[in-house]
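Heads up, input02.txt below (compact mmCIF, C-alpha atoms and all ligand atoms):
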# COMPACT_ATOMS: atom_id res chain seq x y z
CA MET E 1 33.81 35.68 3.17
CA LYS E 2 36.73 33.39 2.56
CA ILE E 3 34.99 30.50 4.28
CA GLN E 4 31.91 31.04 2.12
CA LYS E 5 34.02 30.97 -1.03
CA ILE E 6 35.64 27.74 0.07
CA ARG E 7 32.22 26.27 0.79
CA ILE E 8 30.93 27.24 -2.64
CA LEU E 9 34.05 25.87 -4.31
CA THR E 10 33.71 22.63 -2.33
CA LEU E 11 30.07 22.38 -3.38
CA PHE E 12 30.93 22.84 -7.07
CA LEU E 13 33.80 20.40 -6.78
CA SER E 14 31.50 17.83 -5.14
CA LEU E 15 28.86 18.28 -7.83
CA PHE E 16 31.56 17.91 -10.50
CA LEU E 17 32.88 14.73 -8.90
CA ILE E 18 29.38 13.28 -8.47
CA SER E 19 28.65 13.92 -12.15
CA CYS E 20 31.88 12.11 -13.14
CA VAL E 21 31.65 9.07 -10.88
CA PRO E 22 29.07 6.43 -11.82
CA ILE E 23 26.43 6.54 -9.12
CA ASN E 24 26.40 3.20 -7.41
CA VAL E 25 22.94 3.48 -5.89
CA ASP E 26 20.39 0.72 -6.30
CA PRO E 27 17.60 2.34 -8.32
CA ILE E 28 15.11 0.54 -6.06
CA ASP E 29 16.12 2.90 -3.27
CA ASP E 30 14.59 5.77 -5.22
CA ASP E 31 11.24 4.01 -4.96
CA ILE E 32 11.17 3.60 -1.19
CA GLU E 33 8.18 5.16 0.54
CA GLU E 34 8.06 6.04 4.24
CA VAL E 35 5.09 4.56 6.09
CA PRO E 36 5.67 5.64 9.72
CA LYS E 37 2.98 3.32 11.10
CA TYR E 38 4.95 0.23 10.02
CA PRO E 39 8.62 1.07 10.60
CA ASN E 40 9.74 -2.55 10.20
CA ILE E 41 8.38 -3.02 6.69
CA ILE E 42 10.03 -1.58 3.59
CA PHE E 43 7.46 0.01 1.30
CA TYR E 44 7.91 1.17 -2.26
CA VAL E 45 5.92 3.25 -4.70
CA PRO E 46 2.62 1.63 -5.72
CA VAL E 47 2.91 -1.27 -8.17
CA GLU E 48 0.16 0.13 -10.39
CA THR E 49 1.55 2.74 -12.74
CA ASN E 50 -1.00 2.65 -15.56
CA LYS E 51 -3.52 5.41 -16.03
CA PRO E 52 -6.88 4.68 -14.36
CA ASN E 53 -9.99 4.33 -16.52
CA THR E 54 -12.04 6.60 -14.27
CA ASP E 55 -11.45 9.75 -12.27
CA PHE E 56 -13.27 8.68 -9.10
CA SER E 57 -11.64 9.71 -5.83
CA PRO E 58 -11.20 6.90 -3.32
CA ALA E 59 -13.46 7.01 -0.24
CA PHE E 60 -10.42 6.73 2.04
CA GLY E 61 -6.64 6.86 1.78
CA GLY E 62 -5.13 3.55 0.72
CA GLN E 63 -8.34 2.25 -0.90
CA THR E 64 -6.45 1.89 -4.17
CA ARG E 65 -2.81 2.08 -5.34
CA ILE E 66 -1.42 1.27 -1.91
CA SER E 67 2.35 1.25 -1.38
CA GLY E 68 4.31 -1.52 -3.03
CA ILE E 69 5.98 -4.34 -1.09
CA ARG E 70 8.66 -6.77 -2.25
CA THR E 71 9.32 -10.30 -1.03
CA THR E 72 12.85 -10.53 0.33
CA THR E 73 12.89 -14.27 1.16
CA ALA E 74 14.37 -16.25 -1.74
CA TYR E 75 11.78 -18.42 -3.45
CA THR E 76 11.59 -20.34 -6.70
CA THR E 77 8.93 -20.74 -9.35
CA SER E 78 8.58 -23.94 -11.35
CA VAL E 79 6.11 -25.54 -13.74
CA VAL E 80 4.46 -28.60 -12.16
CA THR E 81 2.66 -29.43 -15.41
CA ASN E 82 1.58 -27.67 -18.59
CA GLN E 83 -0.79 -30.48 -19.59
CA LEU E 84 -4.04 -29.10 -18.18
CA SER E 85 -6.90 -27.87 -20.34
CA GLU E 86 -8.55 -24.65 -19.13
CA PRO E 87 -8.26 -25.48 -15.43
CA TRP E 88 -10.60 -23.44 -13.24
CA GLY E 89 -10.42 -24.56 -9.61
CA ILE E 90 -7.70 -26.18 -7.49
CA ASP E 91 -7.76 -27.59 -3.98
CA VAL E 92 -5.44 -29.83 -2.00
CA LEU E 93 -6.38 -33.27 -0.67
CA PRO E 94 -5.20 -34.34 2.81
CA ASN E 95 -2.64 -36.66 1.11
CA GLY E 96 -1.09 -33.68 -0.71
CA ASP E 97 -2.52 -34.51 -4.15
CA PHE E 98 -4.34 -31.77 -6.01
CA VAL E 99 -7.90 -31.88 -7.32
CA ILE E 100 -8.24 -29.63 -10.34
CA THR E 101 -11.37 -28.91 -12.35
CA GLU E 102 -11.20 -28.36 -16.10
CA LYS E 103 -13.86 -26.08 -17.56
CA SER E 104 -14.97 -28.59 -20.20
CA GLY E 105 -16.17 -30.95 -17.44
CA ASN E 106 -13.21 -32.99 -16.21
CA LEU E 107 -11.83 -33.49 -12.74
CA ARG E 108 -8.11 -34.32 -12.63
CA ILE E 109 -5.90 -35.52 -9.84
CA VAL E 110 -2.43 -34.02 -10.13
CA LYS E 111 0.46 -35.19 -7.99
CA SER E 112 3.13 -32.81 -6.78
CA ASP E 113 5.64 -34.50 -9.14
CA GLY E 114 3.51 -33.30 -12.06
CA THR E 115 1.73 -36.58 -12.86
CA VAL E 116 -1.68 -35.70 -14.30
CA GLY E 117 -4.36 -38.33 -13.76
CA PRO E 118 -6.99 -39.31 -16.36
CA ALA E 119 -10.13 -37.20 -16.83
CA ILE E 120 -12.66 -38.11 -14.15
CA LYS E 121 -16.20 -37.71 -15.50
CA GLY E 122 -19.57 -38.03 -13.85
CA PHE E 123 -20.98 -34.53 -14.08
CA PRO E 124 -24.47 -33.71 -15.39
CA ASP E 125 -25.38 -31.50 -18.33
CA ILE E 126 -22.76 -28.78 -18.05
CA ASN E 127 -22.97 -25.71 -20.22
CA ALA E 128 -19.29 -25.22 -21.02
CA GLY E 129 -19.84 -22.35 -23.47
CA GLY E 130 -18.74 -18.79 -22.77
CA GLN E 131 -17.61 -18.40 -19.16
CA GLY E 132 -19.48 -21.52 -18.06
CA GLY E 133 -18.40 -25.07 -17.39
CA LEU E 134 -17.19 -27.11 -14.49
CA LEU E 135 -15.94 -24.32 -12.26
CA ASP E 136 -14.76 -24.40 -8.64
CA ILE E 137 -14.07 -27.24 -6.23
CA ALA E 138 -13.92 -27.50 -2.42
CA ILE E 139 -12.90 -30.52 -0.39
CA SER E 140 -15.05 -31.59 2.55
CA PRO E 141 -13.47 -30.67 5.89
CA ASN E 142 -14.25 -34.32 6.80
CA PHE E 143 -12.83 -35.73 3.56
CA GLU E 144 -10.81 -38.45 5.26
CA THR E 145 -14.05 -40.05 6.47
CA ASP E 146 -16.71 -38.86 3.98
CA ARG E 147 -14.64 -38.60 0.70
CA MET E 148 -16.92 -35.73 -0.43
CA LEU E 149 -16.06 -33.06 -3.00
CA TYR E 150 -18.20 -29.96 -3.66
CA PHE E 151 -18.34 -28.24 -7.03
CA THR E 152 -19.77 -25.20 -8.73
CA LEU E 153 -20.78 -25.51 -12.36
CA SER E 154 -22.99 -23.89 -14.96
CA LEU E 155 -25.91 -26.22 -15.40
CA ARG E 156 -27.92 -26.22 -18.61
CA SER E 157 -31.62 -26.67 -19.24
CA SER E 158 -34.15 -25.56 -21.87
CA LEU E 159 -34.47 -22.31 -19.84
CA GLY E 160 -30.80 -21.40 -20.27
CA SER E 161 -28.10 -21.90 -17.69
CA VAL E 162 -27.56 -21.31 -14.00
CA THR E 163 -24.74 -21.36 -11.45
CA ALA E 164 -25.25 -24.56 -9.48
CA VAL E 165 -23.60 -26.41 -6.62
CA GLY E 166 -23.12 -30.17 -6.70
CA LYS E 167 -21.42 -32.80 -4.60
CA ALA E 168 -20.00 -36.26 -5.17
CA GLY E 169 -17.82 -38.84 -3.45
CA LEU E 170 -14.27 -39.53 -4.72
CA SER E 171 -13.39 -43.22 -4.85
CA THR E 172 -10.53 -44.34 -2.61
CA ASP E 173 -8.38 -45.07 -5.69
CA GLN E 174 -9.04 -41.46 -6.81
CA THR E 175 -10.29 -42.51 -10.27
CA SER E 176 -14.07 -42.00 -10.14
CA LEU E 177 -16.90 -40.00 -8.66
CA SER E 178 -20.03 -41.49 -7.17
CA ASN E 179 -23.56 -40.13 -6.71
CA PHE E 180 -23.09 -36.70 -8.18
CA THR E 181 -26.00 -34.64 -6.83
CA ILE E 182 -27.01 -31.05 -7.52
CA ILE E 183 -27.76 -29.43 -4.14
CA TYR E 184 -28.42 -25.80 -5.09
CA GLU E 185 -29.24 -23.67 -8.15
CA ALA E 186 -28.83 -19.87 -8.14
CA THR E 187 -32.02 -19.23 -10.10
CA PRO E 188 -33.36 -17.87 -12.36
CA TYR E 189 -31.92 -19.64 -15.39
CA PHE E 190 -30.79 -17.17 -18.05
CA SER E 191 -29.88 -17.50 -21.71
CA GLY E 192 -26.51 -15.71 -21.42
CA VAL E 193 -23.22 -17.53 -20.78
CA GLY E 194 -21.30 -14.96 -18.71
CA HIS E 195 -20.73 -13.96 -15.07
CA TYR E 196 -21.49 -17.23 -13.27
CA GLY E 197 -19.23 -16.35 -10.33
CA SER E 198 -18.33 -18.79 -8.88
CA ARG E 199 -16.23 -19.88 -5.96
CA ILE E 200 -17.04 -22.23 -3.14
CA VAL E 201 -15.35 -22.36 0.28
CA PHE E 202 -16.17 -23.92 3.63
CA ASP E 203 -16.60 -21.62 6.59
CA LYS E 204 -15.50 -22.55 10.09
CA GLU E 205 -18.95 -23.98 10.92
CA GLY E 206 -18.82 -26.42 8.00
CA HIS E 207 -21.26 -24.48 5.80
CA LEU E 208 -20.48 -23.47 2.24
CA PHE E 209 -20.05 -19.95 0.98
CA VAL E 210 -20.83 -19.75 -2.75
CA SER E 211 -20.46 -16.71 -4.99
CA THR E 212 -22.56 -15.99 -8.06
CA GLY E 213 -22.50 -13.33 -10.76
CA ASP E 214 -24.98 -10.93 -12.33
CA ARG E 215 -25.05 -13.00 -15.56
CA GLN E 216 -23.48 -10.24 -17.63
CA SER E 217 -26.57 -8.65 -19.08
CA LEU E 218 -28.37 -5.34 -18.56
CA GLN E 219 -31.48 -7.50 -18.25
CA THR E 220 -30.14 -9.37 -15.19
CA ARG E 221 -27.69 -6.86 -13.71
CA GLU E 222 -30.31 -5.32 -11.40
CA ASN E 223 -30.91 -8.77 -9.91
CA ALA E 224 -27.80 -8.19 -7.80
CA GLN E 225 -29.80 -5.62 -5.80
CA SER E 226 -32.94 -7.68 -5.18
CA LEU E 227 -33.21 -10.57 -2.78
CA ASP E 228 -35.74 -12.66 -4.73
CA ASN E 229 -33.09 -14.34 -6.87
CA GLY E 230 -29.64 -15.93 -6.75
CA HIS E 231 -27.72 -13.60 -9.11
CA GLY E 232 -24.88 -11.37 -7.88
CA LYS E 233 -24.84 -12.83 -4.38
CA ILE E 234 -22.77 -14.51 -1.71
CA LEU E 235 -24.82 -17.51 -0.57
CA ARG E 236 -24.35 -19.60 2.54
CA ILE E 237 -25.71 -23.13 2.41
CA THR E 238 -25.41 -26.40 4.27
CA THR E 239 -23.77 -29.40 2.64
CA ASP E 240 -27.29 -30.49 1.68
CA GLY E 241 -27.93 -27.21 -0.14
CA GLN E 242 -30.27 -25.80 2.50
CA PRO E 243 -29.96 -22.20 3.75
CA ALA E 244 -27.56 -22.04 6.72
CA PRO E 245 -29.82 -21.75 9.78
CA ASP E 246 -28.50 -18.35 10.92
CA ASN E 247 -28.60 -16.69 7.49
CA PRO E 248 -29.73 -13.04 7.62
CA PHE E 249 -32.93 -13.38 5.56
CA ILE E 250 -33.95 -16.81 6.84
CA ASP E 251 -37.31 -15.59 8.21
CA GLN E 252 -38.33 -13.50 5.19
CA ALA E 253 -40.65 -15.45 2.92
CA ASP E 254 -40.22 -13.21 -0.14
CA LYS E 255 -36.43 -13.54 -0.15
CA HIS E 256 -34.03 -16.32 -1.09
CA LYS E 257 -33.01 -17.64 2.31
CA GLU E 258 -29.62 -18.81 1.00
CA ILE E 259 -28.49 -15.18 0.57
CA TYR E 260 -25.71 -14.02 2.90
CA ALA E 261 -24.68 -10.79 1.14
CA TYR E 262 -25.55 -9.09 -2.17
CA GLY E 263 -24.79 -6.37 -4.70
CA LEU E 264 -21.95 -8.20 -6.47
CA ARG E 265 -21.05 -8.35 -10.15
CA ASN E 266 -18.93 -11.45 -10.73
CA THR E 267 -17.13 -12.82 -7.71
CA GLN E 268 -14.40 -15.30 -8.70
CA GLY E 269 -12.40 -15.19 -5.48
CA LEU E 270 -13.37 -16.27 -1.95
CA ALA E 271 -11.09 -17.04 1.01
CA ILE E 272 -11.50 -17.39 4.76
CA HIS E 273 -9.06 -15.32 6.81
CA PRO E 274 -6.98 -17.78 8.87
CA LEU E 275 -7.02 -15.68 12.06
CA THR E 276 -10.43 -14.00 12.07
CA GLY E 277 -12.49 -16.58 10.15
CA ASP E 278 -13.92 -13.69 8.10
CA LEU E 279 -14.91 -14.21 4.48
CA TRP E 280 -12.92 -12.09 2.03
CA SER E 281 -13.90 -11.88 -1.62
CA ASN E 282 -12.94 -10.13 -4.79
CA ASP E 283 -15.34 -8.91 -7.44
CA MET E 284 -14.61 -8.22 -11.10
CA GLY E 285 -15.53 -4.65 -11.88
CA PRO E 286 -16.54 -3.47 -15.34
CA GLN E 287 -13.89 -1.19 -16.96
CA GLY E 288 -12.01 -0.32 -13.76
CA GLY E 289 -13.38 -0.92 -10.28
CA ASP E 290 -12.25 -4.46 -9.46
CA GLU E 291 -12.91 -4.87 -5.74
CA LEU E 292 -11.69 -6.59 -2.61
CA ASN E 293 -14.45 -6.93 -0.01
CA LEU E 294 -14.64 -8.28 3.52
CA ILE E 295 -18.08 -9.89 3.34
CA GLU E 296 -20.46 -9.44 6.25
CA SER E 297 -23.89 -10.96 6.77
CA SER E 298 -26.81 -9.04 5.14
CA LYS E 299 -24.59 -6.30 3.67
CA ASN E 300 -25.10 -4.72 0.24
CA TYR E 301 -21.88 -4.35 -1.78
CA GLY E 302 -23.43 -1.87 -4.18
CA TRP E 303 -23.37 -3.30 -7.71
CA PRO E 304 -24.74 -1.91 -10.04
CA ILE E 305 -25.63 1.24 -8.08
CA ILE E 306 -22.09 2.12 -7.00
CA SER E 307 -18.82 1.17 -8.68
CA TYR E 308 -15.31 2.54 -9.22
CA GLY E 309 -15.56 1.42 -12.83
CA GLU E 310 -17.38 2.45 -15.98
CA GLU E 311 -19.13 0.72 -18.90
CA TYR E 312 -16.81 -0.67 -21.58
CA THR E 313 -18.13 2.17 -23.77
CA GLY E 314 -16.73 4.68 -21.26
CA LEU E 315 -20.23 5.70 -20.14
CA PRO E 316 -21.01 5.78 -16.40
CA ILE E 317 -22.53 2.78 -14.64
CA GLY E 318 -26.07 3.95 -13.78
CA GLU E 319 -25.81 7.40 -12.21
CA GLY E 320 -22.03 7.19 -12.06
CA LEU E 321 -21.82 6.90 -8.27
CA SER E 322 -18.97 5.40 -6.28
CA GLN E 323 -20.46 5.89 -2.81
CA LYS E 324 -23.93 5.63 -1.36
CA ASP E 325 -25.41 5.31 2.12
CA GLY E 326 -26.39 1.76 2.98
CA MET E 327 -23.87 0.31 0.53
CA GLU E 328 -20.46 -1.04 1.46
CA GLN E 329 -17.25 0.46 0.18
CA PRO E 330 -14.69 -1.98 -1.19
CA ASP E 331 -11.81 -2.45 1.23
CA TYR E 332 -9.55 -2.04 -1.79
CA TYR E 333 -10.02 -1.52 -5.50
CA TRP E 334 -8.07 -1.66 -8.78
CA ASP E 335 -8.43 0.73 -11.72
CA PRO E 336 -7.54 -0.18 -14.43
CA SER E 337 -8.96 -3.68 -14.06
CA ILE E 338 -6.73 -6.64 -13.33
CA ALA E 339 -9.65 -9.12 -13.41
CA PRO E 340 -9.14 -10.83 -10.05
CA SER E 341 -9.94 -14.54 -9.82
CA GLY E 342 -9.24 -17.35 -7.31
CA MET E 343 -7.46 -16.38 -4.12
CA THR E 344 -6.06 -17.84 -0.91
CA PHE E 345 -4.49 -16.73 2.32
CA TYR E 346 -0.97 -17.99 2.95
CA THR E 347 -1.03 -19.65 6.35
CA SER E 348 2.46 -21.16 6.57
CA LYS E 349 5.59 -19.82 8.26
CA VAL E 350 7.90 -21.23 5.55
CA ILE E 351 8.08 -17.80 3.92
CA PRO E 352 7.59 -15.77 7.10
CA GLU E 353 6.81 -12.43 5.48
CA TRP E 354 3.92 -14.07 3.56
CA GLU E 355 2.11 -15.34 6.65
CA ASN E 356 -1.58 -14.32 6.56
CA ASN E 357 -1.06 -12.39 3.31
CA LEU E 358 -3.67 -12.76 0.58
CA PHE E 359 -2.64 -14.09 -2.86
CA ILE E 360 -4.99 -13.41 -5.79
CA GLY E 361 -4.76 -14.71 -9.33
CA ALA E 362 -5.28 -11.98 -11.92
CA LEU E 363 -6.56 -12.83 -15.39
CA ARG E 364 -6.28 -9.61 -17.35
CA GLY E 365 -3.39 -8.47 -15.17
CA SER E 366 -1.48 -11.71 -15.88
CA HIS E 367 0.14 -11.82 -12.46
CA ILE E 368 -0.42 -13.00 -8.92
CA ILE E 369 -1.19 -10.26 -6.45
CA ARG E 370 0.15 -10.40 -2.93
CA LEU E 371 -1.70 -8.17 -0.47
CA MET E 372 -0.48 -7.52 3.04
CA ILE E 373 -3.51 -6.92 5.26
CA LYS E 374 -3.28 -5.68 8.86
CA ASP E 375 -6.38 -5.17 11.03
CA ASN E 376 -8.56 -5.64 7.94
CA ILE E 377 -6.75 -2.84 6.08
CA VAL E 378 -4.68 -3.43 2.95
CA ILE E 379 -1.24 -1.94 3.60
CA GLY E 380 0.89 -3.24 0.72
CA GLU E 381 0.68 -4.81 -2.74
CA GLU E 382 3.16 -6.87 -4.74
CA ARG E 383 2.83 -8.52 -8.14
CA LEU E 384 4.40 -11.94 -8.71
CA LEU E 385 5.03 -13.98 -11.88
CA SER E 386 4.24 -10.99 -14.12
CA ASP E 387 6.90 -12.23 -16.55
CA LYS E 388 4.90 -15.38 -17.43
CA GLY E 389 2.19 -13.76 -19.54
CA GLU E 390 -0.40 -16.16 -18.11
CA ARG E 391 -3.97 -15.60 -16.92
CA PHE E 392 -3.97 -16.85 -13.32
CA ARG E 393 -7.34 -18.49 -12.61
CA ASP E 394 -6.94 -19.99 -9.15
CA ILE E 395 -4.38 -20.50 -6.41
CA ALA E 396 -4.07 -22.80 -3.40
CA MET E 397 -1.55 -23.49 -0.68
CA GLY E 398 0.13 -26.90 -0.56
CA LEU E 399 0.86 -28.86 2.59
CA ASN E 400 4.48 -27.68 2.84
CA GLY E 401 4.06 -23.92 2.60
CA GLU E 402 4.16 -23.58 -1.18
CA LEU E 403 1.61 -21.90 -3.43
CA TYR E 404 0.18 -23.63 -6.49
CA ALA E 405 -1.43 -21.55 -9.22
CA ILE E 406 -3.28 -22.67 -12.36
CA THR E 407 -3.61 -20.66 -15.55
CA ASP E 408 -6.06 -20.52 -18.44
CA GLY E 409 -3.15 -21.65 -20.61
CA GLY E 410 -3.11 -25.01 -18.80
CA ILE E 411 -0.04 -24.48 -16.63
CA MET E 412 0.24 -25.30 -12.94
CA TYR E 413 3.01 -23.40 -11.18
CA ARG E 414 4.67 -24.12 -7.87
CA ILE E 415 5.87 -21.04 -6.01
CA GLY E 416 7.84 -21.54 -2.83
CA LYS E 417 11.13 -22.30 -1.15
CA CA E 501 -19.00 -2.86 -4.48
Before we go any further, please render this structure as structure tokens.
Amino acid sequence: MKIQKIRILTLFLSLFLISCVPINVDPIDDDIEEVPKYPNIIFYVPVETNKPNTDFSPAFGGQTRISGIRTTTAYTTSVVTNQLSEPWGIDVLPNGDFVITEKSGNLRIVKSDGTVGPAIKGFPDINAGGQGGLLDIAISPNFETDRMLYFTLSLRSSLGSVTAVGKAGLSTDQTSLSNFTIIYEATPYFSGVGHYGSRIVFDKEGHLFVSTGDRQSLQTRENAQSLDNGHGKILRITTDGQPAPDNPFIDQADKHKEIYAYGLRNTQGLAIHPLTGDLWSNDMGPQGGDELNLIESSKNYGWPIISYGEEYTGLPIGEGLSQKDGMEQPDYYWDPSIAPSGMTFYTSKVIPEWENNLFIGALRGSHIIRLMIKDNIVIGEERLLSDKGERFRDIAMGLNGELYAITDGGIMYRIGK
């Protein structure tokens, strides 16, 4: 009895003392989440705290709002230049200089000290209205010998506009382009000026993956599901614009042989996984339902039949389905939308915890997403540079283990040690 009284008194005394003494606990500790499978990684509550637009249930645990992660290695962020005009695509030359496209139709060479070169012209009739313009850029894997650059752009004709792929040689003094040639057009042309895609990356065989969009119209949206057109697709072409010889529909006369995968809405992010060689992509959902997809040959990614988003009016997309047999589930999705754009895997060991993580520029979200992916499963999400208020359009890794990101506001950031 006496012991119990003492215990109760001690408890009250402790509570009294705790309430008097300022609690010196890092508030972050309150956010820690236990993930037994990865005991060596510190996880936090999910970074997304806003209310979702939809009430879909994910198809599997961790498909959305995964645990948060936080970079512990010290890194700095600096502005390389703020003198760009609507930059869209960035890639890194073997000499460490950056090639950056500007939507209005300029190519710029930017040096790591922030020197911005003059506008390099030489492109054909670009439709730079709406979401169109000079879009992405990829450097030839053999650049040191062939000097070739590959571009996506919205090409204009009397029929409307189309996502197209072109190539040109960069002069050795890096001031001009030669022999710009269109090698592929994702037909049909359409009068609208939205949802062109479009990213372009080389695969490990030296072929080009190109993403296109559904052209942002109810009239063209269904094109993403049919294989007789180039809208809403991942295409795989040779550097001459021919279908890659082992493409899945190469022997089917009624289909576009350039198609590698389909059922996409507006893919503005493509990246090759450094270890597996797999193609990863993101896709802008409507209201909610932005996706991350591991792209496999011949697969249907569901748009506009399945989606974790809704129309901007709040009405369902089609029958309001998020899952259907024969259609791929996103490996990860965001609701509300962050509007994912250009992305890259971090392949350096300079910031060890970033190695093989995926970094994605977010437009609407105004941050850079870092995803930790293990065995093709997203296990953690972090948001970087959210204090900048910028729309991050594309991101690339420099030669010394830094990341470089460009924004719609014309800024190029360096993020690294
Ligand atoms: Ca999908």
Separation of CA of Gly62 (chain E) from CA of Phe209 (chain E) in Å |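 Pair CA of Phe209 (chain E) / CA of Gly62 (chain E) returns 27.8 Å.
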Can you work out which one of E:Thr77, E:Asn282, E:Gln242, E:Thr175 has the shortest atom-to-atom distance to ligand CA 501 (chain E), counting all atoms listed in the file?
-> E:Asn282
With only C-alpha atoms and all ligand atoms counted, collect every polymer residue having an atom within 9 Å of ligand CA 501 (chain E); state the result as a ChimeraX atom specification.
-> /E:263-265,283,285,289-293,300-308,322,327-330
Best match for closeness to Ile373 (chain E) among E:Ser348, E:Ser386, E:Asn357, E:Ser158, counting all atoms listed in the file |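 Result for the nearest residue to Ile373 (chain E): E:Asn357.
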Please measure the separation of CA of Tyr333 (chain E) and CA of Ala59 (chain E), giving the value in Å to one decimal.
->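 Rounded to one decimal, the two atoms are 10.6 Å apart.
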Could you work out an axis-aligned bounding box for all listed atoms of region 282-287 of chain E, with 6 Å added on each of the six sides, and give its centre and edge lengths in Å to one decimal, as JSON?
{"center_x": -14.7, "center_y": -5.7, "center_z": -10.9, "size_x": 15.6, "size_y": 20.9, "size_z": 24.2}
Which one of E:His207, E:Arg108, E:Lys233, E:Arg215 sits closest to Gly130 (chain E) if you count all atoms listed in the file?
-> E:Arg215
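For the residues E:Asn95, E:Tyr260, E:Val79, E:Asn266, ranking by smallest atom-to-atom distance to Gln131 (chain E) using only C-alpha atoms places E:Asn266 first.
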Between CA of Ile32 (chain E) and CA of Ser366 (chain E) - distance in Å to one decimal =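 Value for the CA of Ser366 (chain E)-CA of Ile32 (chain E) distance: 24.7 Å.
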Just the residues within 10 Å of Leu235 (chain E), please, counting all atoms listed in the file, with nothing from its chain fewer than 2 positions along; format it as a list in words.
->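 Using all atoms listed in the file, the neighbours found are Ala186, Ile200, Leu208, Phe209, Val210, Ser211, Thr212, Gly230, His231, Gly232, Lys233, Ile237, Pro243, Ala244, Asn247, His256, Lys257, Glu258, Ile259, Tyr260, Ala261, Tyr262 and Ser297 of chain E.
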